[in-house]
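The structure file coords15.cif is reproduced below (mmCIF, C-alpha atoms).
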data_coords
loop_
_atom_site.label_atom_id
_atom_site.label_comp_id
_atom_site.auth_asym_id
_atom_site.auth_seq_id
_atom_site.Cartn_x
_atom_site.Cartn_y
_atom_site.Cartn_z
CA MET A 1 0.00 0.00 0.00
CA LYS A 2 2.84 2.37 0.83
CA ASP A 3 4.40 1.74 -2.59
CA LEU A 4 1.11 2.56 -4.33
CA ILE A 5 0.81 5.85 -2.44
CA THR A 6 4.41 6.67 -3.36
CA VAL A 7 3.73 6.00 -7.06
CA PHE A 8 0.54 8.10 -6.89
CA PHE A 9 2.25 11.19 -5.50
CA ALA A 10 5.30 10.68 -7.71
CA SER A 11 3.05 10.56 -10.80
CA ILE A 12 1.30 13.78 -9.80
CA SER A 13 4.66 15.46 -9.14
CA SER A 14 6.12 14.38 -12.49
CA LEU A 15 3.01 15.59 -14.32
CA VAL A 16 3.20 19.00 -12.63
CA ALA A 17 6.93 19.21 -13.37
CA LEU A 18 6.35 18.33 -17.04
CA PHE A 19 3.64 20.99 -17.31
CA PHE A 20 5.86 23.79 -16.02
CA LEU A 21 8.92 22.63 -17.95
CA THR A 22 6.87 22.53 -21.15
CA LYS A 23 5.79 26.09 -20.45
CA LEU A 24 9.46 26.99 -20.02
CA ILE A 25 10.57 25.31 -23.23
CA GLY A 26 7.61 26.55 -25.27
CA ALA A 27 4.97 24.52 -27.07
CA ARG A 28 5.71 23.62 -30.66
CA GLN A 29 4.17 21.20 -33.09
CA MET A 30 6.09 18.04 -33.92
CA SER A 31 6.75 19.33 -37.45
CA GLN A 32 8.33 22.48 -36.01
CA MET A 33 10.73 20.65 -33.73
CA SER A 34 14.41 20.30 -34.53
CA MET A 35 16.09 16.94 -33.99
CA PHE A 36 17.63 18.34 -30.80
CA ASP A 37 14.18 19.38 -29.48
CA TYR A 38 12.74 15.98 -30.37
CA ILE A 39 15.48 13.98 -28.64
CA ASN A 40 15.32 16.12 -25.52
CA GLY A 41 11.53 15.85 -25.44
CA ILE A 42 11.76 12.06 -25.48
CA THR A 43 14.46 12.13 -22.80
CA ILE A 44 12.50 14.44 -20.50
CA GLY A 45 9.41 12.27 -20.94
CA SER A 46 11.40 9.13 -20.13
CA ILE A 47 12.80 10.72 -16.97
CA ALA A 48 9.30 11.81 -15.95
CA ALA A 49 8.02 8.25 -16.46
CA GLU A 50 10.90 6.90 -14.37
CA MET A 51 10.12 9.45 -11.68
CA ALA A 52 6.43 8.52 -11.68
CA THR A 53 7.01 4.78 -11.30
CA SER A 54 10.02 4.90 -8.99
CA LEU A 55 9.45 3.45 -5.54
CA GLU A 56 12.33 5.37 -4.07
CA SER A 57 11.52 8.27 -1.78
CA ASP A 58 14.13 10.57 -3.36
CA PHE A 59 12.39 12.38 -6.22
CA MET A 60 14.99 15.11 -6.44
CA LYS A 61 17.44 13.28 -8.72
CA PRO A 62 15.04 12.67 -11.66
CA LEU A 63 13.45 16.09 -11.10
CA LEU A 64 16.86 17.75 -11.26
CA ALA A 65 17.67 15.83 -14.45
CA MET A 66 14.40 17.03 -16.03
CA ILE A 67 15.16 20.63 -15.10
CA ILE A 68 18.71 20.40 -16.52
CA TYR A 69 17.43 19.02 -19.84
CA ALA A 70 14.74 21.70 -20.03
CA LEU A 71 17.27 24.46 -19.33
CA MET A 72 19.60 23.07 -21.98
CA VAL A 73 16.82 23.08 -24.57
CA THR A 74 15.99 26.67 -23.64
CA LEU A 75 19.62 27.79 -23.84
CA VAL A 76 20.11 26.09 -27.21
CA SER A 77 16.93 27.76 -28.47
CA ILE A 78 18.24 31.17 -27.38
CA LEU A 79 21.59 30.47 -29.04
CA SER A 80 19.84 29.47 -32.26
CA ASP A 81 17.88 32.72 -32.24
CA LYS A 82 21.04 34.79 -31.75
CA SER A 83 23.36 33.07 -34.23
CA VAL A 84 22.65 32.00 -37.82
CA ARG A 85 25.63 29.62 -37.80
CA ALA A 86 24.45 27.98 -34.59
CA ARG A 87 20.92 27.66 -35.97
CA ARG A 88 22.18 25.97 -39.13
CA PHE A 89 24.35 23.59 -37.12
CA ILE A 90 21.63 22.68 -34.59
CA ASP A 91 18.50 22.76 -36.75
CA GLY A 92 20.06 21.87 -40.08
CA LYS A 93 19.74 23.55 -43.47
CA ALA A 94 17.16 23.38 -46.20
CA LYS A 95 17.99 21.17 -49.20
CA ILE A 96 16.83 21.58 -52.78
CA LEU A 97 15.50 18.23 -53.96
CA TYR A 98 14.10 19.28 -57.34
CA ASP A 99 14.61 22.36 -59.45
CA ASN A 100 13.78 23.32 -63.02
CA GLY A 101 13.06 19.78 -64.15
CA GLU A 102 16.06 18.17 -62.42
CA LEU A 103 15.97 15.74 -59.46
CA TYR A 104 18.99 15.92 -57.17
CA TYR A 105 19.74 12.33 -56.22
CA LYS A 106 22.49 13.10 -53.69
CA ASN A 107 20.28 15.54 -51.80
CA LEU A 108 17.51 12.96 -51.69
CA LYS A 109 19.99 10.41 -50.38
CA LYS A 110 21.31 12.79 -47.70
CA ALA A 111 17.75 13.50 -46.61
CA ARG A 112 17.05 9.74 -46.36
CA PHE A 113 14.25 10.12 -48.92
CA ASN A 114 13.59 7.34 -51.39
CA LEU A 115 11.77 8.20 -54.60
CA GLY A 116 8.48 6.72 -53.42
CA GLU A 117 8.46 8.84 -50.25
CA PHE A 118 9.39 11.92 -52.26
CA LEU A 119 6.52 11.44 -54.71
CA MET A 120 4.13 10.72 -51.83
CA GLN A 121 5.05 14.03 -50.16
CA CYS A 122 4.43 15.81 -53.46
CA ARG A 123 0.98 14.23 -53.73
CA VAL A 124 0.20 15.24 -50.14
CA LYS A 125 0.94 18.82 -51.16
CA GLY A 126 -1.42 18.47 -54.13
CA TYR A 127 1.12 17.94 -56.93
CA PHE A 128 0.77 14.71 -58.88
CA ASP A 129 2.91 15.75 -61.86
CA LEU A 130 6.46 17.07 -61.41
CA SER A 131 6.22 18.92 -64.72
CA ASN A 132 3.92 21.38 -62.92
CA VAL A 133 6.58 22.16 -60.31
CA GLN A 134 9.47 24.61 -60.46
CA THR A 135 11.29 23.88 -57.16
CA ILE A 136 10.91 21.48 -54.24
CA ILE A 137 12.78 22.19 -51.00
CA LEU A 138 13.20 19.94 -47.97
CA GLU A 139 12.98 22.24 -44.94
CA ALA A 140 15.07 21.73 -41.83
CA ASN A 141 12.02 20.46 -39.91
CA GLY A 142 11.42 17.64 -42.40
CA ASN A 143 8.55 19.21 -44.34
CA ILE A 144 8.77 19.96 -48.03
CA SER A 145 7.92 23.28 -49.67
CA ILE A 146 6.81 23.36 -53.31
CA LEU A 147 7.01 26.27 -55.73
CA PRO A 148 4.78 25.64 -58.77
CA ILE A 149 5.74 26.92 -62.21
CA SER A 150 4.22 30.29 -63.00
CA GLU A 151 1.69 28.87 -65.45
CA GLN A 152 0.38 26.48 -62.78
CA ARG A 153 0.22 28.97 -59.91
CA PRO A 154 -3.37 29.38 -58.72
CA VAL A 155 -5.02 32.58 -59.85
CA THR A 156 -5.67 34.96 -56.95
CA PRO A 157 -8.51 37.48 -56.70
CA ASN A 158 -5.91 40.24 -57.01
CA ASP A 159 -4.88 38.86 -60.41
CA LEU A 160 -8.46 39.36 -61.63
CA ASP A 161 -9.04 42.56 -59.65
CA LEU A 162 -11.82 40.89 -57.67
CA LYS A 163 -12.97 41.43 -54.09
CA PRO A 164 -14.52 38.17 -52.86
CA THR A 165 -16.75 37.99 -49.83
CA THR A 166 -15.25 36.82 -46.56
CA GLU A 167 -15.49 33.07 -46.04
CA ARG A 168 -16.64 31.59 -42.74
CA LEU A 169 -16.08 28.27 -41.07
CA VAL A 170 -18.52 25.49 -41.91
CA ALA A 171 -20.28 23.54 -39.18
CA ASN A 172 -20.23 19.75 -39.06
CA VAL A 173 -23.90 18.86 -38.61
CA ILE A 174 -23.58 15.10 -39.17
CA ILE A 175 -20.54 13.02 -38.27
CA ASP A 176 -20.52 9.28 -39.01
CA GLY A 177 -24.31 9.04 -39.01
CA ASN A 178 -24.79 11.09 -35.81
CA ILE A 179 -26.58 14.44 -35.84
CA MET A 180 -24.63 17.18 -34.06
CA GLU A 181 -27.60 19.06 -32.61
CA HIS A 182 -25.42 21.63 -30.82
CA ASN A 183 -23.80 22.62 -34.12
CA LEU A 184 -27.19 22.79 -35.79
CA LYS A 185 -28.45 25.11 -33.08
CA HIS A 186 -25.35 27.28 -33.46
CA MET A 187 -26.22 27.70 -37.15
CA GLY A 188 -29.81 28.59 -36.26
CA LYS A 189 -31.23 25.33 -37.62
CA ASP A 190 -32.93 22.27 -36.21
CA VAL A 191 -33.33 18.57 -36.97
CA LYS A 192 -36.50 19.19 -38.96
CA TRP A 193 -34.64 21.52 -41.33
CA LEU A 194 -31.83 19.01 -41.65
CA SER A 195 -34.22 16.18 -42.51
CA LYS A 196 -35.74 18.24 -45.32
CA GLN A 197 -32.31 19.07 -46.70
CA LEU A 198 -31.30 15.41 -46.63
CA GLN A 199 -34.43 14.49 -48.58
CA VAL A 200 -33.40 17.01 -51.23
CA HIS A 201 -30.14 15.09 -51.52
CA GLY A 202 -32.04 11.82 -51.81
CA ILE A 203 -31.14 10.55 -48.35
CA THR A 204 -33.80 9.08 -46.08
CA ASP A 205 -31.61 7.58 -43.35
CA VAL A 206 -29.08 9.75 -41.53
CA LYS A 207 -26.96 6.63 -40.92
CA ASP A 208 -26.09 6.68 -44.64
CA VAL A 209 -24.25 9.98 -44.17
CA PHE A 210 -20.56 9.92 -43.29
CA LEU A 211 -20.23 13.72 -43.07
CA ALA A 212 -22.51 16.70 -43.65
CA THR A 213 -21.50 20.34 -43.33
CA CYS A 214 -23.47 23.58 -43.33
CA ASP A 215 -22.02 26.97 -44.27
CA CYS A 216 -23.10 30.50 -43.38
CA ASN A 217 -25.32 30.61 -46.49
CA ASN A 218 -27.26 27.56 -45.25
CA GLN A 219 -25.80 25.36 -47.99
CA LEU A 220 -25.63 21.72 -46.94
CA CYS A 221 -22.85 19.52 -48.31
CA VAL A 222 -23.45 15.80 -47.84
CA TYR A 223 -20.88 13.00 -48.12
CA ARG A 224 -22.35 9.53 -48.21
CA LYS A 225 -20.79 6.57 -46.42
CA ILE A 226 -19.31 4.44 -49.18
CA GLU A 227 -18.59 0.92 -48.00
CA GLU A 228 -16.72 -0.24 -51.12
CA GLU A 229 -12.94 -0.18 -51.02
CA MET A 230 -11.08 1.90 -53.61
CA LYS A 231 -8.75 -0.67 -55.19
CA ARG A 232 -7.27 1.28 -58.10
CA ASP A 233 -3.56 1.78 -57.47
CA ILE A 234 -1.45 3.55 -60.10
CA LEU A 235 0.73 5.56 -57.73
CA GLU A 236 3.61 3.13 -57.22
#
Taking this structure as input, can you express it in the form of structure tokens?
Amino acid sequence: MKDLITVFFASISSLVALFFLTKLIGARQMSQMSMFDYINGITIGSIAAEMATSLESDFMKPLLAMIIYALMVTLVSILSDKSVRARRFIDGKAKILYDNGELYYKNLKKARFNLGEFLMQCRVKGYFDLSNVQTIILEANGNISILPISEQRPVTPNDLDLKPTTERLVANVIIDGNIMEHNLKHMGKDVKWLSKQLQVHGITDVKDVFLATCDCNNQLCVYRKIEEEMKRDILE
């Protein structure tokens, strides 16, 4: 029983310590982390887990280790902000993987990218044909940035001297066959209105709807639940 109480309070202490140390380091998305940040995050988490499950009464050693790692991450972050050379050394540099119709094999190899992964990342960004791309850069955080050729760049309202109306967020009113009544109410609608709109789309059972959204103009977009598997595969 004593051991269980020790683990309980140690877990609470490690959680509180992690919270404040995260505040100190600063919250960043995984894609924004450098390799140094990532490694230190794993290490701090491992120490916190060790602290939480340790049956020893001395919590100061793992807590001190967590604080030292957090301070080191903070100091390295400050150094990176102050010095371009330090930032390039710690975070790495961007690499050009493709430019003006040429693929740079050595840069792909240094980045540990095989051709399949490279093409997959291009597709994720919305580019299925490299002939529509001018330059592809691998950023230091592992993401890729794509510059399309001028002829393929999307036309902006400024190009056409247009002033479009401001777009608003759409509300999810049906998710996986379940009506989100709170979202409907937020849009000033009710289930009766939704049922009529579904009938317009030829849907009688809400369970047949995978997703339905409603915009500020009361336009309902409905996506049916398709059970069949898409088996066409021409990407590899």
CA of Gly126 in chain A to CA of Lys163 in chain A, straight-line distance in Å: 25.7 Å
Ground truth for the PyMOL selection byres ((chain A and resi 120-125) around 12), written as JSON, numbers by chain: {"A": [97, 98, 113, 114, 115, 116, 117, 118, 119, 126, 127, 128, 129, 130, 131, 132, 133, 135, 136, 137, 138, 142, 143, 144, 145, 146, 147, 148, 235, 236]}
Would you write out, as an MDAnalysis selection string, every residue that the PyMOL selection byres ((chain A and resi 172) around 12) captures in this file? chainID A and resid 169:171 173:187 194 209:216 219:223
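Comparing A:Asn100, A:Gln134, A:Glu139, A:Lys61 by their smallest distance to Gln152 in chain A, the closest is A:Gln134 (using all atoms listed in the file).
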Quick one, how far is CA of Asp81 in chain A from CA of Lys110 in chain A?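 Interatomic distance here is 25.5 Å.
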Minimum-distance residue to Asp208 in chain A, chosen among A:Lys196, A:Arg224, A:Arg85, A:Lys106 (using only C-alpha atoms):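 Comparing A:Lys196, A:Arg224, A:Arg85, A:Lys106 against Asp208 in chain A, the winner is A:Arg224.
Closest to Ile149 in chain A among A:Gly101, A:Ala65, A:Asp205, A:Leu198 is A:Gly101, based on only C-alpha atoms.
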Mind pulling up the distance from CA of Asp159 in chain A to CA of Asn217 in chain A?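 Those two atoms sit 26.1 Å apart.
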